[in-house]
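To be precise, the following lines are start_8.txt, and they hold compact mmCIF, C-alpha atoms and all ligand atoms.
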# COMPACT_ATOMS: atom_id res chain seq x y z
CA MET A 263 22.14 -49.42 96.99
CA THR A 264 18.50 -49.86 98.01
CA ASN A 265 15.71 -47.24 98.03
CA LYS A 266 16.20 -47.01 101.80
CA ASP A 267 19.98 -46.47 101.56
CA ILE A 268 19.59 -43.69 98.98
CA ALA A 269 16.78 -42.00 100.94
CA GLU A 270 18.77 -42.08 104.21
CA ARG A 271 21.86 -40.60 102.56
CA GLY A 272 19.71 -38.00 100.77
CA GLN A 273 18.04 -36.85 103.97
CA LYS A 274 21.45 -35.97 105.42
CA VAL A 275 22.77 -33.92 102.50
CA VAL A 276 19.96 -32.78 100.19
CA MET A 277 18.06 -29.66 101.23
CA ASN A 278 14.64 -30.32 102.66
CA THR A 279 12.48 -28.68 99.97
CA TYR A 280 10.42 -31.68 98.80
CA ALA A 281 8.09 -34.05 100.69
CA ARG A 282 9.62 -37.03 98.84
CA PHE A 283 8.15 -40.51 98.50
CA PRO A 284 10.54 -43.23 99.77
CA ILE A 285 11.62 -44.63 96.40
CA ALA A 286 14.63 -43.86 94.19
CA PRO A 287 14.02 -44.49 90.47
CA ILE A 288 17.23 -45.55 88.73
CA LYS A 289 16.12 -46.75 85.29
CA GLY A 290 13.41 -45.91 82.77
CA LYS A 291 12.16 -47.04 79.38
CA GLY A 292 9.06 -45.79 77.61
CA SER A 293 6.23 -45.39 80.11
CA TYR A 294 7.93 -47.44 82.84
CA ILE A 295 10.54 -46.75 85.51
CA TRP A 296 12.28 -49.05 87.99
CA ASP A 297 13.41 -48.16 91.50
CA ALA A 298 16.62 -49.15 93.27
CA ASP A 299 14.88 -52.22 94.77
CA GLY A 300 13.97 -53.41 91.26
CA LYS A 301 10.25 -52.61 91.50
CA GLN A 302 8.57 -51.54 88.22
CA TYR A 303 6.14 -48.62 87.95
CA LEU A 304 3.88 -47.36 85.19
CA ASP A 305 4.77 -43.67 85.14
CA PHE A 306 1.71 -41.46 84.66
CA ILE A 307 3.54 -38.45 86.15
CA GLY A 308 6.30 -38.43 83.53
CA GLY A 309 8.55 -36.13 85.59
CA ILE A 310 5.50 -33.83 86.05
CA ALA A 311 4.39 -33.52 82.43
CA VAL A 312 8.01 -33.43 81.21
CA CYS A 313 8.77 -36.80 79.57
CA ALA A 314 6.63 -36.18 76.48
CA LEU A 315 8.19 -39.15 74.68
CA GLY A 316 8.56 -41.40 77.72
CA HIS A 317 11.85 -42.38 79.31
CA CYS A 318 15.14 -42.86 77.41
CA HIS A 319 13.57 -42.51 73.96
CA ASP A 320 15.85 -44.11 71.34
CA GLU A 321 15.87 -41.15 68.95
CA LEU A 322 16.56 -38.65 71.72
CA GLN A 323 19.43 -40.82 72.95
CA GLN A 324 20.82 -40.79 69.42
CA VAL A 325 20.58 -36.99 69.15
CA ILE A 326 22.31 -36.58 72.50
CA ARG A 327 25.11 -38.93 71.42
CA GLN A 328 25.61 -37.06 68.16
CA GLN A 329 25.48 -33.59 69.71
CA THR A 330 27.77 -34.46 72.65
CA ALA A 331 30.35 -35.58 70.08
CA ALA A 332 30.02 -32.28 68.17
CA LEU A 333 29.49 -29.37 70.61
CA TRP A 334 27.86 -29.10 74.05
CA HIS A 335 27.91 -25.46 74.94
CA VAL A 336 28.89 -22.12 73.50
CA SER A 337 27.75 -18.71 74.58
CA ASN A 338 24.92 -16.77 73.03
CA LEU A 339 27.62 -14.31 71.99
CA TYR A 340 27.65 -16.49 68.84
CA TRP A 341 25.00 -17.96 66.54
CA ILE A 342 24.00 -21.49 67.55
CA GLU A 343 22.65 -23.51 64.62
CA PRO A 344 20.42 -25.98 66.57
CA GLN A 345 18.95 -22.97 68.42
CA VAL A 346 18.12 -21.24 65.12
CA ASN A 347 16.60 -24.49 63.82
CA LEU A 348 14.47 -24.81 66.95
CA ALA A 349 13.32 -21.19 66.80
CA GLU A 350 12.31 -21.65 63.13
CA LYS A 351 10.31 -24.78 63.97
CA LEU A 352 8.54 -23.30 67.00
CA ILE A 353 7.67 -20.11 65.15
CA ASP A 354 6.36 -22.03 62.19
CA ILE A 355 4.12 -24.25 64.35
CA SER A 356 2.95 -21.63 66.84
CA GLY A 357 2.33 -18.63 64.56
CA MET A 358 4.59 -16.45 66.73
CA ASP A 359 7.58 -14.45 65.37
CA LYS A 360 10.59 -14.56 67.70
CA ALA A 361 12.00 -16.97 70.32
CA PHE A 362 14.10 -16.58 73.47
CA PHE A 363 15.54 -19.70 75.12
CA CYS A 364 16.19 -20.43 78.79
CA ASN A 365 16.24 -23.46 81.10
CA SER A 366 12.95 -23.77 82.97
CA GLY A 367 9.33 -22.69 83.17
CA ALA A 368 9.92 -20.09 85.86
CA GLU A 369 12.73 -18.57 83.83
CA ALA A 370 10.52 -18.40 80.73
CA ASN A 371 7.78 -16.66 82.73
CA GLU A 372 10.27 -14.29 84.33
CA ALA A 373 11.38 -13.38 80.79
CA ALA A 374 7.76 -12.81 79.76
CA ILE A 375 7.12 -10.46 82.70
CA LYS A 376 10.31 -8.53 81.93
CA LEU A 377 9.46 -8.31 78.22
CA ALA A 378 5.97 -6.94 78.92
CA ARG A 379 7.36 -4.21 81.18
CA LYS A 380 10.24 -3.32 78.87
CA TYR A 381 7.88 -3.19 75.88
CA PHE A 382 5.92 -0.34 77.49
CA TYR A 383 9.07 1.31 78.82
CA ARG A 384 10.47 1.47 75.28
CA ASN A 385 7.15 2.82 74.03
CA LYS A 386 7.42 5.66 76.56
CA GLU A 387 4.65 4.26 78.75
CA SER A 388 6.72 3.11 81.73
CA GLY A 389 3.69 3.72 83.98
CA ARG A 390 2.18 0.60 82.42
CA ASN A 391 3.86 -2.07 84.50
CA GLN A 392 1.08 -3.99 86.29
CA ILE A 393 0.31 -7.60 85.35
CA VAL A 394 -3.13 -9.10 85.88
CA VAL A 395 -2.78 -12.74 86.98
CA PHE A 396 -5.22 -15.33 88.34
CA ASN A 397 -6.13 -16.98 91.61
CA ASP A 398 -5.08 -20.66 91.79
CA SER A 399 -2.51 -20.15 89.03
CA PHE A 400 1.05 -21.42 89.11
CA HIS A 401 3.90 -19.66 87.32
CA GLY A 402 7.07 -20.77 89.13
CA ARG A 403 9.26 -20.25 92.20
CA THR A 404 11.41 -17.22 91.44
CA LEU A 405 10.37 -14.12 93.37
CA ALA A 406 8.48 -12.55 90.47
CA THR A 407 6.84 -15.78 89.29
CA LEU A 408 5.76 -16.86 92.76
CA THR A 409 4.22 -13.43 93.17
CA ALA A 410 2.43 -13.93 89.84
CA THR A 411 1.23 -17.28 91.24
CA GLY A 412 -2.21 -16.72 92.76
CA GLN A 413 -1.73 -19.07 95.73
CA LYS A 414 -0.75 -17.61 99.10
CA LYS A 415 0.91 -20.82 100.33
CA TYR A 416 3.76 -20.40 97.83
CA GLN A 417 4.37 -16.78 98.88
CA GLU A 418 4.33 -17.11 102.67
CA GLY A 419 7.57 -16.07 104.32
CA PHE A 420 9.15 -14.57 101.20
CA ALA A 421 8.14 -10.95 101.76
CA PRO A 422 8.81 -8.37 100.51
CA LEU A 423 7.34 -9.62 97.23
CA PRO A 424 7.85 -7.54 94.08
CA PRO A 425 4.94 -5.19 93.44
CA GLY A 426 2.94 -4.96 90.22
CA PHE A 427 0.61 -7.99 90.23
CA ALA A 428 -3.18 -7.97 90.60
CA TYR A 429 -5.27 -11.13 91.03
CA ALA A 430 -8.46 -11.93 89.15
CA ASP A 431 -10.61 -15.06 89.34
CA PHE A 432 -10.05 -17.70 86.66
CA ASN A 433 -12.86 -17.71 84.07
CA SER A 434 -14.38 -14.53 85.58
CA LEU A 435 -14.39 -11.61 83.16
CA THR A 436 -15.90 -9.15 85.63
CA THR A 437 -13.01 -9.61 88.07
CA VAL A 438 -10.54 -9.01 85.20
CA GLU A 439 -12.33 -5.86 83.98
CA LYS A 440 -12.24 -4.42 87.52
CA LEU A 441 -8.44 -4.70 87.63
CA ILE A 442 -7.68 -3.16 84.22
CA SER A 443 -6.35 0.39 84.44
CA ASP A 444 -3.99 2.68 82.56
CA GLU A 445 -1.21 1.02 84.57
CA THR A 446 -1.92 -2.47 83.19
CA ALA A 447 0.81 -3.86 80.95
CA ALA A 448 -0.38 -7.44 80.49
CA ILE A 449 -2.74 -10.23 81.41
CA MET A 450 -0.92 -13.49 82.17
CA ILE A 451 -2.80 -16.80 82.26
CA GLU A 452 -2.44 -20.57 81.90
CA PRO A 453 -4.94 -21.63 79.18
CA ILE A 454 -5.26 -24.81 81.25
CA GLN A 455 -4.44 -24.31 84.93
CA GLY A 456 -2.20 -27.20 85.98
CA GLU A 457 -1.09 -27.12 89.63
CA GLY A 458 -4.31 -25.28 90.52
CA GLY A 459 -6.38 -28.39 89.79
CA VAL A 460 -6.38 -29.03 85.99
CA HIS A 461 -8.91 -26.37 84.96
CA PRO A 462 -9.21 -25.56 81.23
CA ALA A 463 -10.11 -21.91 80.56
CA ASP A 464 -13.58 -21.31 79.19
CA PRO A 465 -13.22 -20.53 75.43
CA VAL A 466 -15.50 -17.46 75.61
CA PHE A 467 -13.48 -16.17 78.57
CA LEU A 468 -10.11 -16.64 76.85
CA ASN A 469 -11.38 -14.97 73.66
CA SER A 470 -12.69 -12.08 75.77
CA LEU A 471 -9.23 -11.62 77.31
CA ARG A 472 -7.83 -11.26 73.79
CA ARG A 473 -10.47 -8.63 73.03
CA ILE A 474 -9.74 -6.71 76.25
CA CYS A 475 -6.02 -6.71 75.45
CA ASP A 476 -6.67 -5.42 71.91
CA ARG A 477 -9.08 -2.77 73.20
CA GLU A 478 -6.65 -1.53 75.88
CA GLY A 479 -3.44 -1.99 73.87
CA ILE A 480 -2.03 -4.39 76.51
CA LEU A 481 -0.22 -7.70 76.07
CA LEU A 482 -1.73 -11.16 76.47
CA ILE A 483 0.73 -13.68 77.94
CA PHE A 484 -0.05 -17.40 77.92
CA ASP A 485 1.87 -19.66 80.30
CA GLU A 486 1.94 -22.98 78.45
CA VAL A 487 4.80 -24.39 80.51
CA GLN A 488 2.64 -27.39 81.43
CA CYS A 489 -0.14 -27.49 78.82
CA GLY A 490 2.07 -26.71 75.77
CA VAL A 491 4.11 -28.95 73.43
CA GLY A 492 1.33 -31.39 72.54
CA ARG A 493 0.01 -32.06 76.04
CA SER A 494 -3.47 -30.62 75.30
CA GLY A 495 -3.84 -32.46 71.98
CA LYS A 496 -2.79 -29.38 69.97
CA PHE A 497 0.88 -28.40 69.81
CA MET A 498 -0.01 -25.26 71.78
CA ALA A 499 -3.21 -25.29 73.86
CA TYR A 500 -4.24 -21.84 72.55
CA GLN A 501 -4.53 -23.31 69.06
CA SER A 502 -7.77 -25.00 70.12
CA TYR A 503 -9.14 -21.63 71.29
CA GLY A 504 -8.60 -19.90 67.93
CA ILE A 505 -6.60 -17.01 69.37
CA ARG A 506 -2.95 -15.99 69.47
CA PRO A 507 -1.24 -14.45 72.50
CA ASP A 508 1.41 -11.71 72.26
CA ILE A 509 3.81 -13.77 74.37
CA VAL A 510 3.77 -17.49 75.20
CA THR A 511 6.04 -19.54 77.44
CA MET A 512 6.82 -23.24 77.37
CA ALA A 513 9.25 -25.61 79.11
CA LYS A 514 8.44 -29.02 80.62
CA GLY A 515 7.74 -31.18 77.54
CA LEU A 516 10.00 -29.18 75.22
CA GLY A 517 13.17 -31.13 75.99
CA GLY A 518 11.45 -34.44 76.75
CA GLY A 519 13.40 -34.48 80.03
CA PHE A 520 16.36 -32.35 79.01
CA PRO A 521 16.05 -28.95 80.77
CA ILE A 522 15.00 -26.18 78.39
CA GLY A 523 12.45 -23.36 78.41
CA ALA A 524 11.33 -20.89 75.77
CA MET A 525 9.45 -17.65 75.43
CA LEU A 526 7.95 -16.83 72.04
CA ALA A 527 6.56 -13.42 71.13
CA THR A 528 5.08 -11.51 68.23
CA ASP A 529 7.47 -9.17 66.42
CA LYS A 530 5.69 -6.24 68.03
CA ALA A 531 6.08 -7.50 71.61
CA ALA A 532 9.59 -8.86 70.98
CA GLY A 533 10.62 -5.30 70.02
CA GLY A 534 10.63 -4.58 73.77
CA PHE A 535 14.01 -6.30 74.11
CA ALA A 536 17.31 -4.97 72.75
CA PRO A 537 20.81 -6.45 73.25
CA GLY A 538 21.66 -6.50 76.96
CA ASP A 539 18.05 -6.43 78.19
CA HIS A 540 17.81 -10.12 79.01
CA ALA A 541 20.07 -13.18 78.92
CA SER A 542 20.72 -16.68 80.21
CA THR A 543 24.17 -18.33 80.18
CA PHE A 544 22.89 -21.81 79.39
CA GLY A 545 19.75 -20.75 77.54
CA GLY A 546 19.37 -22.38 74.12
CA ASN A 547 22.75 -24.10 74.18
CA PRO A 548 23.58 -26.60 71.40
CA LEU A 549 22.86 -29.73 73.46
CA ALA A 550 19.49 -28.62 74.85
CA THR A 551 18.25 -27.23 71.54
CA ALA A 552 19.42 -30.27 69.56
CA VAL A 553 17.26 -32.49 71.81
CA ALA A 554 14.29 -30.10 71.70
CA ASN A 555 14.45 -30.00 67.88
CA ARG A 556 13.84 -33.73 67.74
CA VAL A 557 11.10 -33.57 70.42
CA VAL A 558 9.30 -30.86 68.43
CA GLU A 559 9.68 -32.80 65.16
CA LEU A 560 8.14 -35.90 66.70
CA VAL A 561 5.42 -34.27 68.81
CA SER A 562 4.13 -31.83 66.21
CA THR A 563 3.07 -34.34 63.54
CA PRO A 564 -0.71 -34.71 63.02
CA ALA A 565 -0.47 -38.47 63.66
CA PHE A 566 1.25 -37.93 67.02
CA LEU A 567 -1.26 -35.28 68.13
CA ASP A 568 -4.13 -37.53 66.97
CA ASN A 569 -2.79 -40.19 69.33
CA VAL A 570 -2.74 -37.69 72.21
CA ASN A 571 -6.39 -36.86 71.54
CA LYS A 572 -7.42 -40.47 71.00
CA LEU A 573 -5.66 -41.87 74.08
CA GLY A 574 -6.58 -38.79 76.14
CA GLY A 575 -10.24 -39.29 75.25
CA TYR A 576 -10.00 -43.00 76.03
CA LEU A 577 -8.31 -42.38 79.39
CA ARG A 578 -10.86 -39.71 80.26
CA GLU A 579 -13.81 -41.98 79.42
CA SER A 580 -12.26 -44.86 81.35
CA LEU A 581 -11.77 -42.63 84.41
CA ALA A 582 -15.27 -41.15 84.08
CA SER A 583 -16.80 -44.64 84.03
CA ILE A 584 -15.33 -45.51 87.47
CA LYS A 585 -18.08 -45.79 90.05
CA ASP A 586 -16.85 -44.21 93.27
CA GLU A 587 -18.88 -41.83 95.42
CA ARG A 588 -15.78 -39.83 96.30
CA ILE A 589 -15.18 -38.81 92.64
CA ILE A 590 -16.75 -35.43 91.86
CA THR A 591 -15.66 -34.97 88.24
CA VAL A 592 -13.08 -35.81 85.56
CA ARG A 593 -11.78 -32.90 83.46
CA GLY A 594 -8.91 -31.70 81.28
CA GLN A 595 -7.75 -31.79 77.69
CA GLY A 596 -5.66 -34.27 75.73
CA LEU A 597 -3.32 -36.06 78.12
CA MET A 598 -3.62 -33.47 80.89
CA LEU A 599 -6.45 -34.84 83.00
CA GLY A 600 -7.60 -34.38 86.57
CA VAL A 601 -9.96 -36.46 88.72
CA GLU A 602 -11.46 -34.32 91.45
CA PHE A 603 -12.34 -36.04 94.74
CA SER A 604 -14.39 -34.88 97.69
CA THR A 605 -11.43 -35.55 100.04
CA PRO A 606 -7.60 -35.07 100.00
CA ILE A 607 -5.85 -37.67 97.86
CA ARG A 608 -2.30 -37.84 99.26
CA GLU A 609 -2.88 -41.32 100.72
CA LEU A 610 -4.36 -42.54 97.42
CA VAL A 611 -1.18 -41.41 95.64
CA THR A 612 0.83 -43.65 98.00
CA ILE A 613 -1.50 -46.63 97.50
CA CYS A 614 -1.26 -46.24 93.68
CA MET A 615 2.53 -46.10 93.98
CA GLU A 616 2.62 -49.26 96.07
CA ASN A 617 0.45 -50.90 93.41
CA GLY A 618 2.91 -49.84 90.68
CA LEU A 619 1.29 -46.67 89.26
CA LEU A 620 2.87 -43.22 89.66
CA LEU A 621 0.38 -40.34 89.90
CA LEU A 622 0.42 -36.96 91.59
CA GLY A 623 -1.95 -34.36 92.94
CA ALA A 624 -2.89 -30.97 91.51
CA GLY A 625 -4.02 -29.22 94.67
CA ALA A 626 -5.21 -31.27 97.64
CA ASN A 627 -8.23 -33.05 96.10
CA VAL A 628 -7.36 -33.53 92.42
CA MET A 629 -5.46 -36.53 91.05
CA ARG A 630 -3.45 -35.54 87.97
CA PHE A 631 -2.79 -37.78 84.97
CA VAL A 632 0.05 -36.43 82.75
CA PRO A 633 1.60 -39.57 81.20
CA PRO A 634 4.05 -39.67 78.29
CA LEU A 635 2.27 -38.43 75.14
CA ASN A 636 3.19 -41.62 73.24
CA ILE A 637 1.44 -44.04 75.63
CA ASN A 638 -0.63 -46.84 74.12
CA GLU A 639 -4.02 -48.33 74.90
CA LYS A 640 -2.56 -51.26 76.81
CA GLU A 641 -0.75 -48.88 79.17
CA VAL A 642 -3.93 -46.83 79.68
CA ASN A 643 -5.85 -50.01 80.51
CA GLN A 644 -3.14 -51.06 82.95
CA ALA A 645 -3.15 -47.64 84.64
CA VAL A 646 -6.93 -47.60 84.99
CA ALA A 647 -6.94 -51.15 86.41
CA ILE A 648 -4.33 -50.21 89.05
CA PHE A 649 -6.20 -46.99 89.83
CA LYS A 650 -9.47 -48.91 90.36
CA LYS A 651 -7.76 -51.49 92.58
CA SER A 652 -6.16 -48.67 94.60
CA LEU A 653 -9.52 -46.95 95.04
CA GLN A 654 -10.89 -50.14 96.55
CA GLU A 655 -8.01 -50.24 99.03
CA TRP A 656 -8.35 -46.52 99.90
C1 LIG B 701 2.06 -23.57 84.31
C2 LIG B 701 3.41 -23.60 84.93
N1 LIG B 701 4.21 -22.52 84.84
C3 LIG B 701 5.44 -22.52 85.37
C4 LIG B 701 5.95 -23.60 86.04
C5 LIG B 701 7.33 -23.56 86.62
O1 LIG B 701 8.17 -24.34 85.85
P1 LIG B 701 9.63 -24.78 86.40
O2 LIG B 701 9.38 -25.69 87.55
O3 LIG B 701 10.26 -25.44 85.22
O4 LIG B 701 10.32 -23.53 86.78
C6 LIG B 701 5.16 -24.75 86.16
C7 LIG B 701 5.66 -25.92 86.91
O5 LIG B 701 4.94 -26.78 87.32
C8 LIG B 701 3.86 -24.75 85.59
O6 LIG B 701 3.06 -25.82 85.70
Go through the file and emit its structure as structure tokens.
Amino acid sequence: MTNKDIAERGQKVVMNTYARFPIAPIKGKGSYIWDADGKQYLDFIGGIAVCALGHCHDELQQVIRQQTAALWHVSNLYWIEPQVNLAEKLIDISGMDKAFFCNSGAEANEAAIKLARKYFYRNKESGRNQIVVFNDSFHGRTLATLTATGQKKYQEGFAPLPPGFAYADFNSLTTVEKLISDETAAIMIEPIQGEGGVHPADPVFLNSLRRICDREGILLIFDEVQCGVGRSGKFMAYQSYGIRPDIVTMAKGLGGGFPIGAMLATDKAAGGFAPGDHASTFGGNPLATAVANRVVELVSTPAFLDNVNKLGGYLRESLASIKDERIITVRGQGLMLGVEFSTPIRELVTICMENGLLLLGAGANVMRFVPPLNINEKEVNQAVAIFKKSLQEW
């Protein structure tokens, strides 16, 4: 089967929800993947910030082999040891108190929205059900999370959208203050906006959100689905801001490619849920949590996170040193970087791909770099060289 064969068959039977590039990756190892025509690519998308340890990591393969021989799935009607292990690890590292497991980022955010509302309902304040969210954010594709997403293009055609969301401007305290009322239950924000263009929150702004939440008795929710699990250079991005949210969500990197999501909360916020309030059939099953345990063990060590900071800094400097009039700025944290251009970059993505480097956009004008977190200097140099060559051809 060639790329073309697979694409032609796919077009007939797979629903038309993605503007796909005409290649079909069939093999991966480390930071590289190969398509059905045998062409090799350096993968700086990593399944969109998912493959934290690169492709087909030996230790993750071993865990999967062991766990598939022991137990794949049982219901959350019973205690699941790898799930308990994972919850203990995440709580220990993050400073939160309780974990809920699901299968994706949108599901984790949906859980966070439900928990915030139920928390106030249980505290006899059911009138507090509004969530302040941000323009240019991205929280997922379920009805509630696409409504929380402050980008009209994702919402068009899906009316009626669920009520209860109000939109502030990212990094603008005055717009947040204007929206706070005695109906506000929570403020929900990505500490580093991903899809919206790789924008880290201003530290003073994020700290002020914490203060507003404390002052008003409302909950602060961080969506770390993209920036969490080591991507920012800290295990959780909020750890570099010196504050703790009441609820935090994560997904993408958590399973290193195996689907899993999580919502962590403080004991106080977690008290909003009682048995029957929320559930997920597959959430936290033995196979997914066994893999995530190993990912968390590997990603959370100081040496691993040092490498994310070191290589992230090196990649950022290398990108910033490129002389091209169309580049406006390079920004981001750790290995979540964006290069903003003065023009749309879709064609540049294709040229990079043809030259053997996989990249993707974050909004129309920003090129996103979210490679595996265990990349090395040689791979960074190779990526930058291909990127420069592609810029010349663009
Ligand atoms: C910050 C953020 N939240 C939520 C999501 C949705 O995650 P998923 O696609 O796993 O539902 C994404 C996906 O890109 C994201 O970047």
| query | Can you tell me, as a PyMOL selection string, what residues are no more than 10 Å from Asp398 of chain A when counting only C-alpha atoms, ignoring any on the same chain fewer than 5 positions away? | reply | chain A and resi 411-414+429-432+455-459+461+625
| request: Just give me the gap between atom CA of Asn571 of chain A and atom CA of Asn617 of chain A in Å, one decimal is fine. | output: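 Result for atom CA of Asn571 of chain A versus atom CA of Asn617 of chain A: 26.9 Å, one decimal.
Of the residues listed (A:Ile613, A:Val325, A:Ala332, A:Val312), A:Val312 shows the shortest atom-to-atom separation from ligand LIG 701 (chain B); distances use all atoms listed in the file.
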| message | Neighbouring residues of ligand LIG 701 (chain B) are defined here as those with any atom at most 7 Å from a ligand atom, counting all atoms listed in the file; list them as a list in words. | response |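 I would give the residues around ligand LIG 701 (chain B) as Ser366, Gly367, Ala368, Glu369, Asn371, Phe400, His401, Gly402, Arg403, Glu452, Gln455, Gly456, Glu457, Asp485, Glu486, Val487, Gln488, Ala513 and Lys514 of chain A.
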Take the selection from the previous step and output its residues with C-alpha atoms, as a short mmCIF file (atom, residue, chain, number, x, y, z; two decimals), in the coordinates of the input.
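Result file out-v5.cif:
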data_model
loop_
_atom_site.label_atom_id
_atom_site.label_comp_id
_atom_site.auth_asym_id
_atom_site.auth_seq_id
_atom_site.Cartn_x
_atom_site.Cartn_y
_atom_site.Cartn_z
CA SER A 366 12.95 -23.77 82.97
CA GLY A 367 9.33 -22.69 83.17
CA ALA A 368 9.92 -20.09 85.86
CA GLU A 369 12.73 -18.57 83.83
CA ASN A 371 7.78 -16.66 82.73
CA PHE A 400 1.05 -21.42 89.11
CA HIS A 401 3.90 -19.66 87.32
CA GLY A 402 7.07 -20.77 89.13
CA ARG A 403 9.26 -20.25 92.20
CA GLU A 452 -2.44 -20.57 81.90
CA GLN A 455 -4.44 -24.31 84.93
CA GLY A 456 -2.20 -27.20 85.98
CA GLU A 457 -1.09 -27.12 89.63
CA ASP A 485 1.87 -19.66 80.30
CA GLU A 486 1.94 -22.98 78.45
CA VAL A 487 4.80 -24.39 80.51
CA GLN A 488 2.64 -27.39 81.43
CA ALA A 513 9.25 -25.61 79.11
CA LYS A 514 8.44 -29.02 80.62
#
| said: Nearest residue to Thr551 of chain A out of A:Lys651, A:Pro521, A:Ala448, A:Glu478, using all atoms listed in the file? | reply: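 Using all atoms listed in the file, Thr551 of chain A sits closest to A:Pro521.
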| task | Mind checking which residues fall within 9 Å of segment 618-624 of chain A, counting only C-alpha atoms, ignoring those fewer than 3 positions away in the same chain, and posting them as a ChimeraX atom specification? | result | /A:301-308,310,456-460,600,607-608,611-615,627-633,644-645,648-649
